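Q: Take a look at my_file09.csv, CSV, C-alpha atoms and all ligand atoms:
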```
chain,number,residue,atom,x,y,z
A,23,MET,CA,2.6,-19.6,12.6
A,24,SER,CA,2.0,-16.2,11.2
A,25,THR,CA,3.9,-13.1,12.4
A,26,ILE,CA,2.2,-9.7,12.6
A,27,LYS,CA,3.8,-7.5,10.0
A,28,VAL,CA,1.7,-4.4,10.6
A,29,LYS,CA,-0.1,-3.3,13.8
A,30,ALA,CA,-1.6,0.1,14.3
A,31,GLU,CA,-3.4,1.0,17.5
A,32,GLY,CA,-5.4,4.2,18.2
A,33,ILE,CA,-4.0,6.1,15.3
A,34,VAL,CA,-5.2,9.7,15.3
A,35,LYS,CA,-4.2,12.3,12.7
A,36,THR,CA,-5.5,15.8,12.4
A,37,PHE,CA,-4.8,18.3,9.6
A,38,GLY,CA,-5.6,21.8,11.0
A,39,ALA,CA,-9.1,21.6,12.3
A,40,THR,CA,-9.9,18.4,10.4
A,41,GLN,CA,-9.6,15.1,12.2
A,42,VAL,CA,-8.8,12.7,9.4
A,43,LEU,CA,-8.0,9.5,11.5
A,44,ASP,CA,-10.1,9.0,14.6
A,45,GLY,CA,-8.4,6.2,16.5
A,46,VAL,CA,-7.7,3.6,13.8
A,47,ASP,CA,-6.7,0.0,14.8
A,48,ILE,CA,-5.6,-2.4,12.1
A,49,SER,CA,-3.3,-5.3,11.8
A,50,VAL,CA,-1.8,-7.4,8.9
A,51,ASN,CA,-0.3,-10.8,9.4
A,52,GLY,CA,2.6,-12.1,7.4
A,53,GLY,CA,1.3,-13.5,4.0
A,54,GLU,CA,-2.0,-11.8,4.4
A,55,VAL,CA,-3.7,-9.7,1.7
A,56,VAL,CA,-5.9,-7.0,3.4
A,57,VAL,CA,-8.0,-4.7,1.2
A,58,VAL,CA,-9.1,-1.3,2.5
A,59,LEU,CA,-12.4,0.0,1.1
A,60,GLY,CA,-14.2,3.2,1.9
A,61,PRO,CA,-15.6,6.4,0.3
A,62,SER,CA,-13.4,9.2,-0.9
A,63,GLY,CA,-12.1,11.3,2.0
A,64,SER,CA,-12.5,8.5,4.6
A,65,GLY,CA,-8.8,8.6,5.5
A,66,LYS,CA,-7.5,5.6,3.5
A,67,THR,CA,-4.5,7.4,2.0
A,68,THR,CA,-3.6,9.1,5.3
A,69,LEU,CA,-3.7,5.8,7.0
A,70,LEU,CA,-1.3,4.1,4.5
A,71,ARG,CA,1.0,7.1,4.6
A,72,SER,CA,1.0,7.0,8.4
A,73,LEU,CA,2.1,3.3,8.4
A,74,ASN,CA,5.5,4.2,6.9
A,75,LEU,CA,5.6,7.7,8.5
A,76,LEU,CA,5.1,9.7,5.3
A,77,GLU,CA,2.6,11.3,7.7
A,78,THR,CA,3.3,11.5,11.4
A,79,PRO,CA,0.2,10.5,13.4
A,80,ASP,CA,-0.7,12.8,16.4
A,81,SER,CA,-1.1,9.8,18.7
A,82,GLY,CA,-1.3,6.0,18.7
A,83,THR,CA,1.2,3.2,18.3
A,84,LEU,CA,2.6,1.5,15.3
A,85,GLU,CA,4.5,-1.7,14.9
A,86,VAL,CA,5.7,-2.4,11.4
A,87,CYS,CA,8.1,-5.2,10.5
A,88,GLY,CA,9.0,-5.5,14.2
A,89,TYR,CA,9.8,-1.8,14.7
A,90,ARG,CA,7.6,-0.1,17.3
A,91,LEU,CA,6.9,3.6,17.4
A,92,ASP,CA,4.9,5.5,19.9
A,93,MET,CA,3.5,8.7,18.6
A,94,GLY,CA,2.9,12.0,20.3
A,95,ALA,CA,6.2,12.4,22.2
A,96,ARG,CA,6.9,16.1,22.8
A,97,GLY,CA,9.6,17.3,20.4
A,98,GLY,CA,8.9,14.4,17.9
A,99,PHE,CA,11.0,11.3,17.5
A,100,ASP,CA,14.3,10.9,19.2
A,101,ARG,CA,17.3,9.5,17.4
A,102,ALA,CA,16.6,5.9,18.2
A,103,ALA,CA,13.0,6.3,16.9
A,104,ARG,CA,14.2,8.0,13.7
A,105,GLN,CA,16.5,5.0,13.1
A,106,ARG,CA,13.5,2.7,13.5
A,107,VAL,CA,11.6,4.8,11.0
A,108,ALA,CA,14.4,4.5,8.5
A,109,ALA,CA,14.6,0.7,9.2
A,110,LEU,CA,10.9,0.1,8.7
A,111,ARG,CA,10.9,2.1,5.5
A,112,ARG,CA,13.7,-0.2,4.1
A,113,ARG,CA,11.4,-3.2,4.8
A,114,THR,CA,8.3,-1.8,3.3
A,115,ALA,CA,7.3,-0.6,-0.2
A,116,MET,CA,4.7,1.8,-1.3
A,117,VAL,CA,2.9,1.8,-4.6
A,118,PHE,CA,1.1,5.1,-5.4
A,119,GLN,CA,-1.9,5.9,-7.6
A,120,SER,CA,0.3,8.3,-9.6
A,121,PHE,CA,3.3,5.9,-10.1
A,122,ASN,CA,5.9,8.5,-9.0
A,123,LEU,CA,8.6,7.3,-11.4
A,124,PHE,CA,11.6,9.4,-12.2
A,125,PRO,CA,10.9,10.8,-15.7
A,126,HIS,CA,14.6,11.2,-16.6
A,127,MET,CA,15.4,7.5,-15.9
A,128,THR,CA,14.6,4.4,-17.9
A,129,ALA,CA,12.4,1.7,-16.6
A,130,LEU,CA,15.5,-0.3,-15.5
A,131,GLN,CA,17.1,2.7,-13.9
A,132,ASN,CA,13.9,3.4,-12.0
A,133,VAL,CA,13.8,-0.2,-10.7
A,134,ILE,CA,17.4,-0.3,-9.5
A,135,GLU,CA,17.7,3.3,-8.1
A,136,GLY,CA,16.9,2.3,-4.6
A,137,LEU,CA,19.1,-0.8,-4.8
A,138,ILE,CA,22.1,1.4,-5.6
A,139,SER,CA,21.4,4.5,-3.6
A,140,VAL,CA,19.8,2.9,-0.5
A,141,LYS,CA,21.0,-0.6,-0.4
A,142,LYS,CA,24.4,0.1,-1.9
A,143,VAL,CA,24.2,-3.0,-4.1
A,144,PRO,CA,27.0,-3.2,-6.7
A,145,LYS,CA,25.8,-2.0,-10.1
A,146,ALA,CA,26.2,-5.3,-12.0
A,147,GLU,CA,24.2,-7.1,-9.3
A,148,ALA,CA,21.5,-4.4,-9.3
A,149,LEU,CA,21.2,-4.5,-13.1
A,150,ALA,CA,20.7,-8.3,-13.0
A,151,CYS,CA,18.1,-8.0,-10.2
A,152,GLY,CA,16.3,-5.1,-12.0
A,153,GLU,CA,16.1,-7.1,-15.3
A,154,ALA,CA,14.7,-10.1,-13.5
A,155,LEU,CA,12.1,-8.0,-11.8
A,156,LEU,CA,11.1,-6.3,-15.1
A,157,GLY,CA,10.7,-9.8,-16.5
A,158,GLN,CA,8.5,-10.7,-13.5
A,159,VAL,CA,6.1,-7.9,-14.3
A,160,GLY,CA,6.1,-8.7,-18.0
A,161,LEU,CA,8.3,-5.7,-19.1
A,162,ALA,CA,11.6,-7.2,-20.0
A,163,ASP,CA,11.4,-5.6,-23.4
A,164,LYS,CA,10.9,-2.1,-21.9
A,165,ARG,CA,14.0,-1.9,-19.8
A,166,ASP,CA,15.4,1.1,-21.8
A,167,SER,CA,12.1,2.9,-22.2
A,168,TYR,CA,11.5,6.2,-20.4
A,169,PRO,CA,8.2,6.6,-18.4
A,170,ALA,CA,6.9,9.1,-21.0
A,171,SER,CA,6.8,6.3,-23.6
A,172,LEU,CA,5.1,3.8,-21.4
A,173,SER,CA,1.4,3.3,-20.9
A,174,GLY,CA,-0.1,3.9,-17.4
A,175,GLY,CA,-0.3,0.2,-16.8
A,176,GLN,CA,3.3,-0.3,-17.8
A,177,LYS,CA,4.4,2.6,-15.6
A,178,GLN,CA,2.6,1.1,-12.6
A,179,ARG,CA,4.2,-2.3,-13.3
A,180,VAL,CA,7.6,-0.6,-13.3
A,181,ALA,CA,6.6,1.0,-10.0
A,182,ILE,CA,5.7,-2.4,-8.5
A,183,ALA,CA,9.0,-3.8,-9.8
A,184,ARG,CA,10.8,-0.9,-8.1
A,185,GLY,CA,9.1,-1.7,-4.9
A,186,LEU,CA,9.9,-5.4,-5.1
A,187,ALA,CA,13.6,-4.5,-5.7
A,188,MET,CA,13.8,-3.5,-2.1
A,189,ASP,CA,12.8,-7.0,-1.1
A,190,PRO,CA,10.0,-5.7,1.1
A,191,GLU,CA,8.3,-7.6,3.9
A,192,VAL,CA,5.1,-5.8,3.1
A,193,ILE,CA,3.8,-3.7,0.3
A,194,PHE,CA,1.3,-0.8,0.7
A,195,PHE,CA,-0.8,-0.1,-2.4
A,196,ASP,CA,-2.8,3.2,-2.6
A,197,GLU,CA,-5.4,2.8,-5.4
A,198,PRO,CA,-2.8,1.4,-7.8
A,199,THR,CA,-5.3,1.2,-10.7
A,200,SER,CA,-7.4,4.3,-10.1
A,201,ALA,CA,-5.4,6.5,-12.6
A,202,LEU,CA,-5.6,3.8,-15.3
A,203,ASP,CA,-8.1,3.3,-18.2
A,204,PRO,CA,-10.2,0.2,-17.5
A,205,GLU,CA,-8.4,-1.8,-20.2
A,206,LEU,CA,-5.1,-1.3,-18.5
A,207,ARG,CA,-6.2,-2.2,-15.0
A,208,ASP,CA,-6.1,-5.9,-15.5
A,209,GLU,CA,-2.4,-6.1,-16.3
A,210,VAL,CA,-1.6,-4.4,-13.0
A,211,LEU,CA,-4.2,-6.4,-11.1
A,212,GLY,CA,-2.7,-9.5,-12.6
A,213,VAL,CA,0.7,-8.7,-11.3
A,214,MET,CA,-0.8,-8.0,-7.9
A,215,ARG,CA,-2.7,-11.3,-7.9
A,216,LYS,CA,0.5,-13.1,-8.6
A,217,LEU,CA,2.3,-11.4,-5.7
A,218,ALA,CA,-0.6,-12.4,-3.5
A,219,ASP,CA,-0.5,-16.0,-4.7
A,220,ASP,CA,3.2,-16.0,-4.0
A,221,GLY,CA,2.6,-15.1,-0.4
A,222,MET,CA,3.5,-11.4,-0.3
A,223,THR,CA,2.0,-9.5,2.6
A,224,MET,CA,-0.1,-6.7,1.1
A,225,LEU,CA,-2.3,-3.9,2.4
A,226,VAL,CA,-4.3,-2.6,-0.6
A,227,VAL,CA,-6.5,0.5,-0.8
A,228,THR,CA,-8.6,0.0,-3.8
A,229,HIS,CA,-12.1,0.3,-5.4
A,230,GLU,CA,-11.5,-2.9,-7.4
A,231,ILE,CA,-14.2,-5.1,-5.9
A,232,ARG,CA,-13.3,-8.1,-8.0
A,233,PHE,CA,-9.7,-8.0,-6.7
A,234,ALA,CA,-11.0,-7.8,-3.2
A,235,ARG,CA,-13.4,-10.7,-3.8
A,236,GLU,CA,-10.7,-12.9,-5.4
A,237,ALA,CA,-7.4,-12.0,-3.7
A,238,ALA,CA,-8.2,-10.6,-0.3
A,239,ASP,CA,-8.1,-12.5,3.0
A,240,ARG,CA,-9.7,-9.7,4.9
A,241,VAL,CA,-11.6,-6.5,4.1
A,242,ILE,CA,-11.4,-3.3,6.2
A,243,PHE,CA,-14.1,-0.8,5.5
A,244,MET,CA,-13.4,2.8,6.6
A,245,GLU,CA,-15.6,5.8,6.9
A,246,ASN,CA,-15.0,9.2,8.5
A,247,GLY,CA,-11.5,8.3,9.7
A,248,ARG,CA,-12.7,5.1,11.5
A,249,VAL,CA,-12.7,1.4,10.8
A,250,LEU,CA,-16.4,0.5,10.5
A,251,THR,CA,-15.7,-3.2,10.0
A,252,ASP,CA,-12.7,-5.5,9.7
A,253,CYS,CA,-13.8,-9.0,8.7
A,254,ALA,CA,-13.0,-12.0,6.5
A,255,LYS,CA,-13.8,-11.5,2.9
A,256,GLU,CA,-16.4,-14.3,3.1
A,257,VAL,CA,-18.3,-12.2,5.7
A,258,PHE,CA,-17.9,-8.9,3.9
A,259,PHE,CA,-19.1,-10.3,0.6
A,260,GLY,CA,-21.4,-12.8,2.1
A,261,ASP,CA,-24.8,-12.2,3.8
A,262,ARG,CA,-23.1,-9.9,6.4
A,263,ALA,CA,-25.1,-11.6,9.2
A,264,GLY,CA,-23.5,-10.3,12.4
A,265,LEU,CA,-22.5,-7.0,11.0
A,266,ALA,CA,-25.9,-5.5,12.0
A,267,ASP,CA,-26.6,-2.0,10.6
A,268,ILE,CA,-23.1,-1.7,9.2
A,269,GLY,CA,-24.1,-4.4,6.6
A,270,GLU,CA,-26.6,-2.0,5.2
A,271,ARG,CA,-23.9,0.8,5.0
A,272,ILE,CA,-21.6,-1.6,3.1
A,273,GLU,CA,-24.5,-2.6,0.8
A,274,ARG,CA,-25.0,1.1,-0.2
A,275,PHE,CA,-21.3,1.6,-0.7
A,276,LEU,CA,-20.9,-1.4,-3.0
A,277,GLY,CA,-24.1,-0.5,-4.8
A,278,ARG,CA,-22.6,2.9,-5.8
A,279,LEU,CA,-19.4,1.4,-7.2
A,301,LIG,N1,-2.0,17.2,3.7
A,301,LIG,C1,-3.3,17.4,4.0
A,301,LIG,N2,-3.7,18.6,4.5
A,301,LIG,C2,-5.0,18.9,4.8
A,301,LIG,N3,-6.0,18.0,4.7
A,301,LIG,C3,-5.7,16.8,4.2
A,301,LIG,C4,-4.3,16.4,3.8
A,301,LIG,N4,-4.3,15.1,3.4
A,301,LIG,C5,-5.6,14.7,3.5
A,301,LIG,N5,-6.4,15.7,4.0
A,301,LIG,C6,-7.9,15.6,4.2
A,301,LIG,O1,-8.1,14.4,4.9
A,301,LIG,C7,-9.3,13.7,4.5
A,301,LIG,C8,-9.0,12.3,4.2
A,301,LIG,O2,-8.1,12.3,3.1
A,301,LIG,P1,-7.5,10.9,2.5
A,301,LIG,O3,-6.7,10.3,3.5
A,301,LIG,O4,-6.8,11.3,1.2
A,301,LIG,O5,-8.8,10.1,2.2
A,301,LIG,P2,-9.1,8.9,1.1
A,301,LIG,O6,-7.7,8.4,0.7
A,301,LIG,O7,-9.9,7.9,1.8
A,301,LIG,O8,-9.8,9.6,0.0
A,301,LIG,C9,-9.8,14.6,3.4
A,301,LIG,O9,-10.8,15.4,3.9
A,301,LIG,C10,-8.6,15.4,2.9
A,301,LIG,O10,-9.1,16.6,2.4
A,302,MG,MG,-6.9,8.2,-1.2
```
Could you rewrite the structure in this file as structure tokens?
A:
Amino acid sequence: MSTIKVKAEGIVKTFGATQVLDGVDISVNGGEVVVVLGPSGSGKTTLLRSLNLLETPDSGTLEVCGYRLDMGARGGFDRAARQRVAALRRRTAMVFQSFNLFPHMTALQNVIEGLISVKKVPKAEALACGEALLGQVGLADKRDSYPASLSGGQKQRVAIARGLAMDPEVIFFDEPTSALDPELRDEVLGVMRKLADDGMTMLVVTHEIRFAREAADRVIFMENGRVLTDCAKEVFFGDRAGLADIGERIERFLGRL
């Protein structure tokens, strides 16, 4: 039996006069790896940021890790809803394109920061956990290095270890390899592949088609703030019979990558 970890229904988000999300429905089951593809500007980042309320949608409903939030209430979230936002954030992790590490902290300090400040884990325990996680992403020897002395691929692996430190139920990745030179991408994708193989629930915005082909269970294709198709990877990368005219749109998108 698989539980639903993420469910978004009718998510609408407008910035000024621009409607960025136009009624998006998505779901992610426990243990599933869902890849979101789509052209630049289609709303992928805004969707991910909406799922842990880094952006507040105008309307729609979210249920993340069992915490339900109805958008659009006058006056914003009430106290109980704000507590659910805080709770769902503690159960999810976000990995950004730009790493977002603290420059004045070592790799190890970056990894354990949330454990100490958010989860109030005792220092010795946090250090042991952080060292184990750095080992898991292949960076045990970089524990005392500052971000400035790490490669992009190493920085992103520290960021993943930092996310894992919170023991999340689901990880959101927003183009985790897009800022990296091609030769550094594989080391990050390798870590992500391993997480997927270990059963982590992952929602991954990426242009890495090989990762999608190999690691995804499902592919969501977005355009103009809408989900054009949401299907098994075998269908998306197969003959696309049954996707009708959308198949041709996907063909063009993949051809351009
Ligand atoms: N904070 C913001 N203010 C105004 N417009 C924004 C903001 N964030 C995103 N947008 C606009 O929303 C659209 C979708 O952006 P985004 O979600 O980043 O798409 P993607 O990640 O698919 O490239 C773009 O047109 C972008 O300019
Ligand atoms: Mg984006």
Q: Distance limit 10 Å, reference ligand MG 302 (chain A), atoms considered: all atoms listed in the file. Which residues make the cut? Give them as a ChimeraX atom specification.
A: /A:60-71,118-119,196-197,200,227-228
Q: Which residues come within 7 Å of Ala30 of chain A, counting all atoms listed in the file, excluding same-chain residues fewer than 6 positions away, as a ChimeraX atom specification?
A: /A:47-49,83-85
Q: Expressed in Å to a single decimal, how great is the separation between atom CA of Ile268 of chain A and atom CA of Leu73 of chain A?
A: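 Taking atom CA of Ile268 of chain A as the start and atom CA of Leu73 of chain A as the end point, the length is 25.7 Å.
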Q: For Phe195 of chain A, which residue among A:Glu236, A:Arg165, A:Phe121, A:Leu91 is the nearest when counting only C-alpha atoms?
A: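 Among the listed residues, A:Phe121 lies closest to Phe195 of chain A.
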Q: For atom C2 of ligand LIG 301 (chain A) and atom CA of Gln41 of chain A, determine how far apart the two atoms are, in Å to one decimal place.
A: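 It comes out at 9.5 Å.
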Q: My list of candidates is A:Met244, A:Val249, A:Ile26, A:Leu225. Which is closest to ligand LIG 301 (chain A) when distances are computed with all atoms listed in the file?
A: A:Met244
Q: Of the candidates A:Gly174, A:Gly269, A:Gly160, A:Gly247, which shows the shortest atom-to-atom distance to ligand LIG 301 (chain A), using all atoms listed in the file?
A: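 Between A:Gly174, A:Gly269, A:Gly160, A:Gly247, the residue approaching ligand LIG 301 (chain A) most closely is A:Gly247.
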Q: Considering only C-alpha atoms and all ligand atoms, state which residue in the set A:Leu110, A:Val226, A:Cys253, A:Val50 is at the smallest distance from ligand LIG 301 (chain A).
A: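 Nearest candidate to ligand LIG 301 (chain A) out of A:Leu110, A:Val226, A:Cys253, A:Val50: A:Val226.
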Q: Give the answer as one residue: which of A:Ser81, A:Thr25, A:Gln131, A:Thr114 has the shortest atom-to-atom distance to Leu156 of chain A, using only C-alpha atoms?
A: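 Of the candidates, the smallest distance to Leu156 of chain A is held by A:Gln131.
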Q: Nearest to Leu250 of chain A: which of A:Arg96, A:Arg112, A:Gly45, A:Ala103 is it, counting only C-alpha atoms?
A: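 Using only C-alpha atoms, the shortest distance to Leu250 of chain A belongs to A:Gly45.
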Q: Could N, CA, C and O atoms be built for segment 227-247 of chain A and written out as an mmCIF file, keeping the file's coordinate frame?
A:
```cif
data_model
loop_
_atom_site.group_PDB
_atom_site.id
_atom_site.type_symbol
_atom_site.label_atom_id
_atom_site.label_comp_id
_atom_site.auth_asym_id
_atom_site.auth_seq_id
_atom_site.Cartn_x
_atom_site.Cartn_y
_atom_site.Cartn_z
ATOM 1 N N VAL A 227 -5.334 -0.412 -0.662
ATOM 2 C CA VAL A 227 -6.500 0.500 -0.800
ATOM 3 C C VAL A 227 -6.924 0.463 -2.224
ATOM 4 O O VAL A 227 -6.113 0.714 -3.125
ATOM 5 N N THR A 228 -8.169 0.122 -2.464
ATOM 6 C CA THR A 228 -8.600 0.000 -3.800
ATOM 7 C C THR A 228 -10.141 0.091 -3.913
ATOM 8 O O THR A 228 -10.829 -0.101 -2.907
ATOM 9 N N HIS A 229 -10.640 0.379 -5.114
ATOM 10 C CA HIS A 229 -12.100 0.300 -5.400
ATOM 11 C C HIS A 229 -12.357 -0.942 -6.248
ATOM 12 O O HIS A 229 -13.483 -1.089 -6.737
ATOM 13 N N GLU A 230 -11.339 -1.764 -6.483
ATOM 14 C CA GLU A 230 -11.500 -2.900 -7.400
ATOM 15 C C GLU A 230 -12.144 -4.054 -6.552
ATOM 16 O O GLU A 230 -11.478 -4.826 -5.862
ATOM 17 N N ILE A 231 -13.457 -4.153 -6.677
ATOM 18 C CA ILE A 231 -14.200 -5.100 -5.900
ATOM 19 C C ILE A 231 -13.849 -6.556 -6.270
ATOM 20 O O ILE A 231 -13.740 -7.444 -5.431
ATOM 21 N N ARG A 232 -13.619 -6.747 -7.573
ATOM 22 C CA ARG A 232 -13.300 -8.100 -8.000
ATOM 23 C C ARG A 232 -11.974 -8.571 -7.398
ATOM 24 O O ARG A 232 -11.834 -9.703 -6.951
ATOM 25 N N PHE A 233 -10.986 -7.651 -7.356
ATOM 26 C CA PHE A 233 -9.700 -8.000 -6.700
ATOM 27 C C PHE A 233 -9.931 -8.350 -5.259
ATOM 28 O O PHE A 233 -9.394 -9.332 -4.746
ATOM 29 N N ALA A 234 -10.743 -7.543 -4.583
ATOM 30 C CA ALA A 234 -11.000 -7.800 -3.200
ATOM 31 C C ALA A 234 -11.674 -9.179 -2.998
ATOM 32 O O ALA A 234 -11.280 -9.979 -2.143
ATOM 33 N N ARG A 235 -12.660 -9.462 -3.835
ATOM 34 C CA ARG A 235 -13.400 -10.700 -3.800
ATOM 35 C C ARG A 235 -12.426 -11.914 -3.980
ATOM 36 O O ARG A 235 -12.528 -12.947 -3.333
ATOM 37 N N GLU A 236 -11.519 -11.744 -4.952
ATOM 38 C CA GLU A 236 -10.700 -12.900 -5.400
ATOM 39 C C GLU A 236 -9.419 -13.017 -4.555
ATOM 40 O O GLU A 236 -9.007 -14.116 -4.231
ATOM 41 N N ALA A 237 -8.784 -11.894 -4.233
ATOM 42 C CA ALA A 237 -7.400 -12.000 -3.700
ATOM 43 C C ALA A 237 -7.337 -11.665 -2.194
ATOM 44 O O ALA A 237 -6.355 -12.029 -1.557
ATOM 45 N N ALA A 238 -8.336 -10.982 -1.648
ATOM 46 C CA ALA A 238 -8.200 -10.600 -0.300
ATOM 47 C C ALA A 238 -8.427 -11.720 0.712
ATOM 48 O O ALA A 238 -9.169 -12.657 0.416
ATOM 49 N N ASP A 239 -7.758 -11.645 1.841
ATOM 50 C CA ASP A 239 -8.100 -12.500 3.000
ATOM 51 C C ASP A 239 -9.120 -11.784 3.842
ATOM 52 O O ASP A 239 -10.061 -12.364 4.337
ATOM 53 N N ARG A 240 -8.873 -10.494 4.009
ATOM 54 C CA ARG A 240 -9.700 -9.700 4.900
ATOM 55 C C ARG A 240 -10.035 -8.379 4.258
ATOM 56 O O ARG A 240 -9.274 -7.883 3.432
ATOM 57 N N VAL A 241 -11.171 -7.805 4.623
ATOM 58 C CA VAL A 241 -11.600 -6.500 4.100
ATOM 59 C C VAL A 241 -11.804 -5.571 5.296
ATOM 60 O O VAL A 241 -12.462 -5.931 6.276
ATOM 61 N N ILE A 242 -11.212 -4.377 5.187
ATOM 62 C CA ILE A 242 -11.400 -3.300 6.200
ATOM 63 C C ILE A 242 -12.247 -2.240 5.492
ATOM 64 O O ILE A 242 -11.898 -1.811 4.387
ATOM 65 N N PHE A 243 -13.325 -1.829 6.119
ATOM 66 C CA PHE A 243 -14.100 -0.800 5.500
ATOM 67 C C PHE A 243 -14.030 0.468 6.421
ATOM 68 O O PHE A 243 -14.289 0.418 7.620
ATOM 69 N N MET A 244 -13.585 1.576 5.820
ATOM 70 C CA MET A 244 -13.400 2.800 6.600
ATOM 71 C C MET A 244 -14.406 3.872 6.203
ATOM 72 O O MET A 244 -14.815 3.970 5.047
ATOM 73 N N GLU A 245 -14.767 4.661 7.171
ATOM 74 C CA GLU A 245 -15.600 5.800 6.900
ATOM 75 C C GLU A 245 -15.314 6.874 7.981
ATOM 76 O O GLU A 245 -15.182 6.525 9.160
ATOM 77 N N ASN A 246 -15.210 8.131 7.558
ATOM 78 C CA ASN A 246 -15.000 9.200 8.500
ATOM 79 C C ASN A 246 -13.815 8.963 9.458
ATOM 80 O O ASN A 246 -13.906 9.244 10.649
ATOM 81 N N GLY A 247 -12.721 8.438 8.920
ATOM 82 C CA GLY A 247 -11.500 8.300 9.700
ATOM 83 C C GLY A 247 -11.605 7.141 10.748
ATOM 84 O O GLY A 247 -10.786 7.079 11.672
#
```
